[in-house]
Each structure stands twice: as C-alpha cells, then as structure tokens.
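Content type JSON, C-alpha atoms, from the file query_37.json:
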[["chain", "number", "residue", "atom", "x", "y", "z"],
["K", 13, "MET", "CA", -12.91, 76.78, -50.53],
["K", 14, "ASP", "CA", -11.54, 77.29, -54.05],
["K", 15, "TYR", "CA", -11.33, 81.08, -54.33],
["K", 16, "ASP", "CA", -9.94, 81.17, -57.89],
["K", 17, "ASN", "CA", -11.80, 78.11, -59.29],
["K", 18, "ASP", "CA", -8.58, 76.40, -60.34],
["K", 19, "GLY", "CA", -9.70, 73.05, -58.90],
["K", 20, "ASP", "CA", -7.40, 73.23, -55.84],
["K", 21, "ARG", "CA", -8.88, 73.86, -52.39],
["K", 22, "ASP", "CA", -7.52, 76.89, -50.56],
["K", 23, "LEU", "CA", -7.60, 77.58, -46.81],
["K", 24, "HIS", "CA", -8.84, 80.61, -44.85],
["K", 25, "VAL", "CA", -8.00, 80.81, -41.13],
["K", 26, "VAL", "CA", -9.29, 83.41, -38.67],
["K", 27, "ASN", "CA", -7.36, 84.18, -35.49],
["K", 28, "GLY", "CA", -7.70, 85.94, -32.17],
["K", 29, "ALA", "CA", -8.15, 85.09, -28.52],
["K", 30, "MET", "CA", -9.91, 86.45, -25.48],
["K", 31, "LEU", "CA", -8.72, 85.76, -21.94],
["K", 32, "TRP", "CA", -11.16, 87.93, -20.03],
["K", 33, "PRO", "CA", -10.79, 90.83, -19.54],
["K", 34, "ASN", "CA", -7.91, 90.91, -22.05],
["K", 35, "GLN", "CA", -8.41, 90.60, -25.79],
["K", 36, "TYR", "CA", -5.69, 89.52, -28.18],
["K", 37, "SER", "CA", -5.99, 90.37, -31.85],
["K", 38, "GLU", "CA", -4.09, 88.52, -34.55],
["K", 39, "LYS", "CA", -4.14, 88.85, -38.31],
["K", 40, "ASN", "CA", -6.27, 86.44, -40.28],
["K", 41, "VAL", "CA", -4.46, 84.40, -42.92],
["K", 42, "PHE", "CA", -5.26, 82.89, -46.30],
["K", 43, "PHE", "CA", -3.30, 80.03, -47.86],
["K", 44, "ARG", "CA", -3.45, 79.59, -51.63],
["K", 45, "ASN", "CA", -3.11, 76.01, -52.85],
["K", 46, "ASN", "CA", -0.35, 75.82, -55.46],
["K", 47, "GLY", "CA", -1.57, 72.44, -56.70],
["K", 48, "ASN", "CA", 1.73, 70.73, -55.91],
["K", 49, "GLY", "CA", 1.21, 69.92, -52.23],
["K", 50, "PHE", "CA", 2.36, 73.36, -51.05],
["K", 51, "PHE", "CA", 0.49, 76.53, -50.02],
["K", 52, "ASN", "CA", 1.45, 80.23, -50.13],
["K", 53, "GLU", "CA", 0.18, 82.69, -47.54],
["K", 54, "VAL", "CA", -1.42, 85.50, -49.60],
["K", 55, "SER", "CA", -3.81, 87.24, -47.17],
["K", 56, "ALA", "CA", -2.21, 90.69, -47.66],
["K", 57, "GLN", "CA", -2.39, 90.33, -51.44],
["K", 58, "LEU", "CA", -6.12, 89.54, -51.25],
["K", 59, "GLY", "CA", -6.98, 92.10, -48.55],
["K", 60, "LEU", "CA", -7.83, 89.41, -46.00],
["K", 61, "ASP", "CA", -5.11, 90.18, -43.43],
["K", 62, "THR", "CA", -7.51, 91.99, -41.08],
["K", 63, "GLU", "CA", -7.45, 91.99, -37.27],
["K", 64, "GLY", "CA", -10.41, 91.93, -34.95],
["K", 65, "ASP", "CA", -10.36, 88.92, -32.62],
["K", 66, "SER", "CA", -12.16, 86.83, -35.22],
["K", 67, "ARG", "CA", -14.30, 83.82, -34.38],
["K", 68, "ALA", "CA", -16.22, 82.60, -37.43],
["K", 69, "SER", "CA", -15.36, 82.28, -41.11],
["K", 70, "VAL", "CA", -18.10, 81.40, -43.60],
["K", 71, "CYS", "CA", -17.34, 80.53, -47.22],
["K", 72, "ALA", "CA", -20.27, 80.88, -49.63],
["K", 73, "ASP", "CA", -21.18, 82.47, -52.96],
["K", 74, "PHE", "CA", -23.36, 85.23, -51.51],
["K", 75, "ASP", "CA", -24.01, 86.99, -54.83],
["K", 76, "ASN", "CA", -24.31, 83.83, -56.98],
["K", 77, "ASP", "CA", -21.61, 84.87, -59.45],
["K", 78, "GLY", "CA", -19.60, 81.66, -59.19],
["K", 79, "ALA", "CA", -16.85, 83.09, -56.98],
["K", 80, "ILE", "CA", -16.79, 82.01, -53.32],
["K", 81, "ASP", "CA", -17.00, 84.96, -50.92],
["K", 82, "ILE", "CA", -15.97, 85.08, -47.26],
["K", 83, "ALA", "CA", -17.89, 86.41, -44.24],
["K", 84, "VAL", "CA", -15.99, 86.95, -40.98],
["K", 85, "LEU", "CA", -17.52, 87.46, -37.53],
["K", 86, "ASN", "CA", -15.41, 89.30, -34.96],
["K", 87, "VAL", "CA", -15.94, 89.70, -31.24],
["K", 88, "ASP", "CA", -15.21, 93.42, -31.04],
["K", 89, "ARG", "CA", -13.76, 95.55, -33.84],
["K", 90, "ASP", "CA", -15.60, 95.54, -37.19],
["K", 91, "GLU", "CA", -18.00, 92.96, -35.80],
["K", 92, "PHE", "CA", -19.02, 91.65, -39.25],
["K", 93, "GLN", "CA", -16.99, 91.72, -42.44],
["K", 94, "LEU", "CA", -18.01, 90.51, -45.90],
["K", 95, "PHE", "CA", -15.33, 90.06, -48.54],
["K", 96, "ASN", "CA", -16.70, 89.95, -52.09],
["K", 97, "ASN", "CA", -14.59, 87.71, -54.32],
["K", 98, "GLN", "CA", -14.18, 89.27, -57.75],
["K", 99, "THR", "CA", -11.84, 86.64, -59.18],
["K", 100, "HIS", "CA", -13.45, 85.42, -62.40],
["K", 101, "THR", "CA", -10.66, 83.77, -64.37],
["K", 102, "ASN", "CA", -11.90, 80.16, -64.43],
["K", 103, "ASN", "CA", -15.10, 78.19, -64.98],
["K", 104, "TRP", "CA", -17.21, 76.73, -62.18],
["K", 105, "ILE", "CA", -20.36, 74.89, -61.17],
["K", 106, "THR", "CA", -22.38, 75.04, -57.95],
["K", 107, "ILE", "CA", -24.65, 72.12, -57.08],
["K", 108, "ARG", "CA", -27.68, 72.31, -54.82],
["K", 109, "LEU", "CA", -28.98, 68.95, -53.59],
["K", 110, "VAL", "CA", -32.64, 68.34, -52.73],
["K", 111, "GLY", "CA", -33.25, 65.07, -50.90],
["K", 112, "SER", "CA", -36.38, 62.97, -51.07],
["K", 113, "ARG", "CA", -35.66, 59.71, -49.25],
["K", 114, "SER", "CA", -32.58, 61.34, -47.70],
["K", 115, "ASN", "CA", -32.74, 64.56, -45.66],
["K", 116, "TYR", "CA", -33.93, 67.58, -47.63],
["K", 117, "CYS", "CA", -30.56, 69.41, -47.74],
["K", 118, "GLY", "CA", -28.63, 66.29, -48.73],
["K", 119, "ILE", "CA", -26.40, 66.46, -45.65],
["K", 120, "GLY", "CA", -24.03, 63.51, -45.73],
["K", 121, "ALA", "CA", -24.16, 63.16, -49.52],
["K", 122, "LYS", "CA", -20.95, 63.00, -51.56],
["K", 123, "VAL", "CA", -20.75, 64.80, -54.91],
["K", 124, "PHE", "CA", -18.10, 63.83, -57.48],
["K", 125, "VAL", "CA", -17.33, 66.02, -60.51],
["K", 126, "LYS", "CA", -15.20, 64.75, -63.40],
["K", 127, "THR", "CA", -13.68, 67.01, -66.08],
["K", 128, "GLY", "CA", -11.05, 65.59, -68.41],
["K", 129, "GLY", "CA", -8.61, 63.64, -66.25],
["K", 130, "ASP", "CA", -9.55, 65.49, -63.05],
["K", 131, "GLN", "CA", -12.00, 64.38, -60.37],
["K", 132, "GLN", "CA", -13.13, 66.37, -57.33],
["K", 133, "MET", "CA", -15.29, 65.39, -54.36],
["K", 134, "HIS", "CA", -17.36, 67.52, -52.01],
["K", 135, "GLU", "CA", -19.25, 66.15, -49.00],
["K", 136, "ILE", "CA", -22.30, 68.12, -47.84],
["K", 137, "ARG", "CA", -21.73, 68.81, -44.16],
["K", 138, "ALA", "CA", -23.40, 70.77, -41.38],
["K", 139, "GLY", "CA", -21.56, 72.34, -38.47],
["K", 140, "SER", "CA", -18.50, 72.85, -40.65],
["K", 141, "SER", "CA", -17.15, 76.05, -39.08],
["K", 142, "TYR", "CA", -16.95, 77.38, -35.53],
["K", 143, "ALA", "CA", -20.04, 79.42, -34.51],
["K", 144, "SER", "CA", -21.18, 79.33, -38.14],
["K", 145, "ASN", "CA", -21.77, 77.06, -41.10],
["K", 146, "HIS", "CA", -20.45, 77.09, -44.64],
["K", 147, "SER", "CA", -22.84, 76.93, -47.57],
["K", 148, "LEU", "CA", -24.69, 73.64, -48.00],
["K", 149, "LEU", "CA", -24.16, 73.95, -51.76],
["K", 150, "ALA", "CA", -21.27, 72.09, -53.39],
["K", 151, "ALA", "CA", -19.03, 74.52, -55.31],
["K", 152, "PHE", "CA", -16.41, 73.30, -57.79],
["K", 153, "GLY", "CA", -13.74, 75.19, -59.69],
["K", 154, "LEU", "CA", -13.30, 73.79, -63.20],
["K", 155, "LYS", "CA", -10.24, 75.65, -64.54],
["K", 156, "LYS", "CA", -10.81, 76.08, -68.29],
["K", 157, "ALA", "CA", -13.03, 73.02, -68.80],
["K", 158, "ALA", "CA", -15.74, 73.65, -71.40],
["K", 159, "VAL", "CA", -18.07, 70.89, -70.20],
["K", 160, "ILE", "CA", -18.43, 68.59, -67.20],
["K", 161, "ASP", "CA", -18.01, 64.97, -68.25],
["K", 162, "GLU", "CA", -19.84, 63.45, -65.30],
["K", 163, "ILE", "CA", -21.45, 64.33, -61.98],
["K", 164, "ASN", "CA", -21.95, 61.48, -59.51],
["K", 165, "VAL", "CA", -24.03, 61.90, -56.34],
["K", 166, "GLN", "CA", -23.94, 59.32, -53.56],
["K", 167, "TRP", "CA", -26.99, 60.01, -51.36],
["K", 168, "PRO", "CA", -27.22, 59.06, -47.64],
["K", 169, "SER", "CA", -30.09, 56.72, -48.58],
["K", 170, "GLY", "CA", -27.69, 54.65, -50.71],
["K", 171, "GLU", "CA", -29.09, 56.00, -53.98],
["K", 172, "ILE", "CA", -26.43, 56.72, -56.63],
["K", 173, "GLN", "CA", -27.23, 59.30, -59.30],
["K", 174, "ASN", "CA", -25.22, 60.13, -62.45],
["K", 175, "LEU", "CA", -25.40, 63.04, -64.88],
["K", 176, "THR", "CA", -23.22, 63.41, -67.99],
["K", 177, "ASP", "CA", -22.25, 66.25, -70.35],
["K", 178, "VAL", "CA", -23.31, 68.97, -67.91],
["K", 179, "ALA", "CA", -23.00, 72.67, -68.80],
["K", 180, "ILE", "CA", -20.56, 74.84, -66.85],
["K", 181, "ASN", "CA", -21.01, 78.18, -65.05],
["K", 182, "GLN", "CA", -24.39, 77.49, -63.52],
["K", 183, "ILE", "CA", -26.14, 76.73, -60.23],
["K", 184, "LEU", "CA", -27.50, 73.24, -60.80],
["K", 185, "THR", "CA", -30.22, 71.67, -58.64],
["K", 186, "ILE", "CA", -30.15, 67.87, -58.39],
["K", 187, "THR", "CA", -33.16, 66.16, -56.81],
["K", 188, "GLU", "CA", -32.84, 62.68, -55.36],
["K", 189, "PRO", "CA", -34.99, 60.10, -57.20],
["K", 190, "GLY", "CA", -37.98, 58.72, -55.32],
["K", 191, "THR", "CA", -40.48, 60.26, -52.95],
["K", 192, "ARG", "CA", -40.39, 60.93, -49.26],
["K", 193, "PRO", "CA", -42.57, 58.49, -47.26],
["K", 194, "VAL", "CA", -45.68, 60.23, -45.95],
["K", 195, "ASN", "CA", -47.54, 59.07, -42.85],
["K", 196, "GLY", "CA", -51.21, 60.00, -43.13],
["K", 197, "ASN", "CA", -51.80, 59.72, -39.39],
["K", 198, "ILE", "CA", -49.61, 62.49, -37.96],
["K", 199, "ALA", "CA", -49.49, 63.04, -34.21],
["K", 200, "THR", "CA", -50.56, 66.67, -34.14],
["K", 201, "GLN", "CA", -50.98, 66.67, -30.36],
["K", 202, "PHE", "CA", -47.39, 65.86, -29.47],
["K", 203, "GLU", "CA", -45.09, 68.47, -27.92],
["K", 204, "LEU", "CA", -41.31, 68.26, -27.64],
["K", 205, "LEU", "CA", -39.98, 71.01, -25.37],
["K", 206, "GLN", "CA", -36.60, 72.74, -25.55],
["K", 207, "ASN", "CA", -33.83, 70.90, -23.76],
["K", 208, "PHE", "CA", -32.30, 72.50, -20.64],
["K", 209, "PRO", "CA", -29.58, 73.48, -20.17],
["K", 210, "ASN", "CA", -28.64, 74.42, -23.71],
["K", 211, "PRO", "CA", -25.71, 74.41, -24.52],
["K", 212, "PHE", "CA", -25.00, 71.47, -22.23],
["K", 213, "ASN", "CA", -21.99, 69.66, -20.85],
["K", 214, "PRO", "CA", -22.21, 67.03, -19.58],
["K", 215, "THR", "CA", -25.98, 66.58, -18.97],
["K", 216, "THR", "CA", -29.21, 67.90, -20.45],
["K", 217, "GLU", "CA", -32.89, 67.03, -20.16],
["K", 218, "ILE", "CA", -35.46, 66.97, -22.98],
["K", 219, "PRO", "CA", -39.08, 66.98, -21.78],
["K", 220, "PHE", "CA", -42.02, 65.93, -23.96],
["K", 221, "ARG", "CA", -45.71, 65.34, -23.45],
["K", 222, "LEU", "CA", -48.70, 63.82, -25.22],
["K", 223, "ILE", "CA", -52.27, 65.06, -25.03],
["K", 224, "THR", "CA", -53.43, 61.49, -24.57],
["K", 225, "GLU", "CA", -51.61, 58.46, -23.20],
["K", 226, "GLY", "CA", -49.61, 56.50, -25.77],
["K", 227, "GLN", "CA", -46.56, 54.30, -26.32],
["K", 228, "PRO", "CA", -43.90, 56.52, -27.90],
["K", 229, "THR", "CA", -40.46, 55.46, -29.04],
["K", 230, "LEU", "CA", -38.12, 58.45, -29.24],
["K", 231, "GLN", "CA", -35.04, 58.44, -31.46],
["K", 232, "ILE", "CA", -32.26, 61.04, -31.75],
["K", 233, "PHE", "CA", -30.26, 61.38, -34.97],
["K", 234, "ASP", "CA", -27.15, 63.44, -35.66],
["K", 235, "VAL", "CA", -26.93, 65.89, -38.56],
["K", 236, "ASN", "CA", -25.84, 63.11, -40.92],
["K", 237, "GLY", "CA", -28.97, 61.06, -40.21],
["K", 238, "LYS", "CA", -27.20, 58.47, -38.03],
["K", 239, "LEU", "CA", -29.17, 57.08, -35.09],
["K", 240, "VAL", "CA", -27.29, 57.91, -31.86],
["K", 241, "TRP", "CA", -29.92, 57.20, -29.20],
["K", 242, "GLN", "CA", -33.26, 55.41, -28.85],
["K", 243, "LYS", "CA", -35.70, 55.26, -25.98],
["K", 244, "PRO", "CA", -37.58, 51.95, -25.72],
["K", 245, "ARG", "CA", -41.35, 52.09, -26.12],
["K", 246, "HIS", "CA", -43.45, 52.21, -22.96],
["K", 247, "THR", "CA", -46.83, 53.59, -22.00],
["K", 248, "CYS", "CA", -46.75, 57.19, -20.82],
["K", 249, "ARG", "CA", -48.29, 60.63, -21.27],
["K", 250, "GLN", "CA", -45.27, 62.77, -20.50],
["K", 251, "ALA", "CA", -41.64, 62.14, -19.66],
["K", 252, "ILE", "CA", -38.18, 63.68, -19.50],
["K", 253, "ILE", "CA", -35.25, 62.27, -21.48],
["K", 254, "ARG", "CA", -31.93, 62.70, -19.69],
["K", 255, "LEU", "CA", -28.75, 62.65, -21.79],
["K", 256, "ASN", "CA", -25.52, 62.11, -19.86],
["K", 257, "GLY", "CA", -21.85, 62.26, -20.77],
["K", 258, "MET", "CA", -19.54, 64.81, -22.37],
["K", 259, "GLY", "CA", -22.03, 66.07, -24.90],
["K", 260, "GLY", "CA", -23.05, 62.49, -25.55],
["K", 261, "THR", "CA", -25.89, 60.15, -24.69],
["K", 262, "THR", "CA", -26.51, 57.36, -22.24],
["K", 263, "THR", "CA", -25.18, 54.96, -24.89],
["K", 264, "GLY", "CA", -21.85, 56.80, -24.97],
["K", 265, "LYS", "CA", -22.26, 57.96, -28.58],
["K", 266, "MET", "CA", -21.35, 61.58, -29.23],
["K", 267, "LEU", "CA", -23.76, 64.19, -30.52],
["K", 268, "LEU", "CA", -22.49, 66.67, -33.09],
["K", 269, "PRO", "CA", -22.69, 70.37, -32.06],
["K", 270, "ALA", "CA", -25.45, 71.19, -34.53],
["K", 271, "PHE", "CA", -29.09, 70.49, -35.26],
["K", 272, "ILE", "CA", -30.31, 67.22, -33.78],
["K", 273, "PHE", "CA", -33.39, 65.57, -35.27],
["K", 274, "THR", "CA", -35.75, 63.97, -32.77],
["K", 275, "HIS", "CA", -38.26, 61.47, -34.10],
["K", 276, "CYS", "CA", -41.23, 60.11, -32.14],
["K", 277, "ASN", "CA", -43.01, 56.92, -33.17],
["K", 278, "PHE", "CA", -46.37, 56.07, -31.64],
["K", 279, "ASN", "CA", -48.44, 52.93, -31.20],
["K", 280, "PRO", "CA", -50.79, 52.98, -33.07],
["K", 281, "PRO", "CA", -48.43, 54.28, -35.82],
["K", 282, "GLN", "CA", -48.11, 58.07, -35.81],
["K", 283, "GLU", "CA", -45.09, 60.29, -36.00],
["K", 284, "GLN", "CA", -43.78, 63.78, -35.45],
["K", 285, "THR", "CA", -40.34, 65.08, -36.35],
["K", 286, "VAL", "CA", -38.89, 68.10, -34.54],
["K", 287, "ARG", "CA", -35.44, 69.71, -34.70],
["K", 288, "ARG", "CA", -33.81, 71.21, -31.67],
["K", 289, "TYR", "CA", -30.35, 72.73, -31.15],
["K", 290, "ILE", "CA", -28.34, 70.62, -28.73],
["K", 291, "LYS", "CA", -24.69, 71.32, -28.16]]

Reformat the file's structure so that it appears as structure tokens.
Amino acid sequence: MDYDNDGDRDLHVVNGAMLWPNQYSEKNVFFRNNGNGFFNEVSAQLGLDTEGDSRASVCADFDNDGAIDIAVLNVDRDEFQLFNNQTHTNNWITIRLVGSRSNYCGIGAKVFVKTGGDQQMHEIRAGSSYASNHSLLAAFGLKKAAVIDEINVQWPSGEIQNLTDVAINQILTITEPGTRPVNGNIATQFELLQNFPNPFNPTTEIPFRLITEGQPTLQIFDVNGKLVWQKPRHTCRQAIIRLNGMGGTTTGKMLLPAFIFTHCNFNPPQEQTVRRYIK
C-alpha cells in the first residue's frame, strides 16, 4: 500500500501467535518507504502499533477519499479494528477493472501508470493477504502530478488497452474491449456439490451430478484463470472428482488458497460455471 500517495509502496505487518492454550501478543508494525531503498518503522507515529494477536491486514480505500485505509482482524482483544487514513497531501487515482473476455474482476491483469518520468505497476491479485483479501482496485499515489500521461492495462486475455491524459483524484472504471462469449444452450440441470473436506490437505472430493446422462468434461482453473486440472470426457450421470496431493491435483499442479472456478462442458455443447472455495 501507499499510505501517503507519494508513489512509494509502504508495508504493514501484523503480528501475534497462538500456541494453544497460550496466546502471545506482539505489536503490529508499519514501515514507511523512504524512496531510496530504505524503510523507517513508524507504527507508533501513525497509531498502528496495537497489540491483539492479529491475523489479517486488509488495505483498501473504505471511504473512497483516495487514502488507503487499514482493517485488522485479531483473534481475541479488539477483534476488529479499522484505521481511517486521513493523509491527504498528494494526488492519486484508483482504477477499477471490468473484464469482458477476461474474468469480470480483471484478476491477473497488470496496470501501468505513467506520470512525468515515473512509472508504477499494480497487478490485480486475489488471495493477497492471510485470512483476508486486499481491494481488487488498483490504487496509485501520484505525488504532485497534475495529470496522468498514460495508463496501460494488460488483460489476462492478451488485450492491451491504453488511455492518455487522464484526470487525477478519481475512481476510474476501465472496461476491457470486446464482449463475453455467451452460450445460448446453458445446462440448467447440472449440479456441482461442495467439496469435502474443506479446507483440505492432502485430499478432497468434489461430487457432481446431471439430471440426464451426458458426456461432461470438467476443468478447474485457479484465481488467475490458469487451467490446473481437466477431467477427460466420458459418458456418465454423476461422479466424484478426487484431488490428491498437498493442496494440489492429480496432475501435481498446485491450487491457490482462494476461489477456484470449475467449468463443465457438455456434449452436445452446453456449459455451467460454478465457483467453490477450495483450500
């Protein structure tokens, strides 16, 4: 996160441990990026040096004022804390991506912002913090820049999009060119059941069933849209997919601890897309 919008990414770290039945509290810390390769620890100065056996830290602009706020989840004391950032000394822009051919949230896209001689990059990621997730919006601090020279978006689909002379201090929505393919023959009588156990390590099972017999091909994608597993097509009405390995699949590829997208193709062509949480 860039708490003061000076164009340099800062670092917030939450601490604490629990070795049941004992709980160990430690102060959380915040490192300010000096822009020269060094950081200063300034948590006390910013009021972020709290204790509470913290687990999750979420950075997002909760009140849409251009300053990134911090939410902290603790196990015991002060279970939830929200720190409102009131630092408004520099300019900023926040970019919301809307995918068409890519996934709707633009996960996996890279956003480049150029102002003067400076260039910054932000990759849209899911599962970016323990037991939580940072905002899916790309936030950039612009220092004193009066205009953004160029915004470049590299979409997961391979599409590259450029905008020039963009106004500052706004939440900008960028929609990927093109339209999402629509299948007019949707399999409405397909059911994908919750995997068990969930969370799993090392094995889980995902049952599914069809109302009528068909020839489904099931595919599992990670949160970045990468194919990690595929079940060959065969005639069936119901089946159970078994995933083996340390949080991975029968192919040995690892699944990210976040939303997994499961896609089912039928013969004749039909489809249904379902998201399930697999860890």

Atom CA of Asp81 of chain K to atom CA of Thr99 of chain K, straight-line distance in Å: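 Separation between atom CA of Thr99 of chain K and atom CA of Asp81 of chain K: 9.9 Å.
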
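Of note, atom CA of Arg108 of chain K and atom CA of Val84 of chain K are spaced 23.3 Å apart.
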
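Interatomic distance, atom CA of Leu175 of chain K to atom CA of Glu135 of chain K: 17.3 Å.
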
Who sits within 7 Å of Ile163 of chain K, only C-alpha atoms, same chain under 4 positions skipped, as a PyMOL selection string: chain K and resi 124-126+174-176

Exercise: Ile107 of chain K partners within 6 Å, all atoms listed in the file, chain neighbours under 2 positions left out, as a list of chain:residue names: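 Near Ile107 of chain K, the qualifying residues are K:Leu149, K:Ala150, K:Ile183, K:Leu184, K:Thr185.
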
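Distance check against Thr62 of chain K using only C-alpha atoms: of K:Gly28, K:Gly190, K:Pro33, K:Gly153, the minimum falls on K:Gly28.
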
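For Asp90 of chain K, the residues within 12 Å (counting all atoms listed in the file, excluding itself and residues fewer than 6 positions away along the chain) are Thr62, Glu63, Gly64, Asp65, Ser66, Ala83 and Val84 of chain K.
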
Could you pull the residues within 12 Å of Val54 of chain K, counting all atoms listed in the file, minus those fewer than 4 positions along the same chain, as a PDB file with C-alpha atoms, in the coordinates of the input?
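Everything below was put into out_32.pdb:
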ATOM      1  CA  TYR K  15     -11.330  81.080 -54.330  1.00  0.00           C
ATOM      2  CA  ASP K  22      -7.520  76.890 -50.560  1.00  0.00           C
ATOM      3  CA  LEU K  23      -7.600  77.580 -46.810  1.00  0.00           C
ATOM      4  CA  HIS K  24      -8.840  80.610 -44.850  1.00  0.00           C
ATOM      5  CA  VAL K  25      -8.000  80.810 -41.130  1.00  0.00           C
ATOM      6  CA  ASN K  40      -6.270  86.440 -40.280  1.00  0.00           C
ATOM      7  CA  VAL K  41      -4.460  84.400 -42.920  1.00  0.00           C
ATOM      8  CA  PHE K  42      -5.260  82.890 -46.300  1.00  0.00           C
ATOM      9  CA  PHE K  43      -3.300  80.030 -47.860  1.00  0.00           C
ATOM     10  CA  ARG K  44      -3.450  79.590 -51.630  1.00  0.00           C
ATOM     11  CA  ASN K  45      -3.110  76.010 -52.850  1.00  0.00           C
ATOM     12  CA  ASN K  46      -0.350  75.820 -55.460  1.00  0.00           C
ATOM     13  CA  LEU K  58      -6.120  89.540 -51.250  1.00  0.00           C
ATOM     14  CA  GLY K  59      -6.980  92.100 -48.550  1.00  0.00           C
ATOM     15  CA  LEU K  60      -7.830  89.410 -46.000  1.00  0.00           C
ATOM     16  CA  ASP K  61      -5.110  90.180 -43.430  1.00  0.00           C
TER      17      ASP K  61
END

Nearest to Gln93 of chain K by atom-to-atom distance, counting all atoms listed in the file, from K:Ile218, K:Ile186, K:Leu204, K:Ala68: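 Under the stated criterion, the closest residue is K:Ala68.
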
Residues within 12 Å of Asn48 of chain K, all atoms listed in the file, excluding chain neighbours under 4 positions, as a ChimeraX atom specification: /K:20-21,44,52

Closest of K:Ile119, K:Asn181, K:Lys39, K:Gly128 to Asp77 of chain K - atom-to-atom distances counting all atoms listed in the file: K:Asn181

Nearest-residue call for Asp14 of chain K, choices K:Lys243, K:His100, K:Arg113, K:Lys122, using all atoms listed in the file: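 That would be K:His100, the residue with the smallest distance to Asp14 of chain K.
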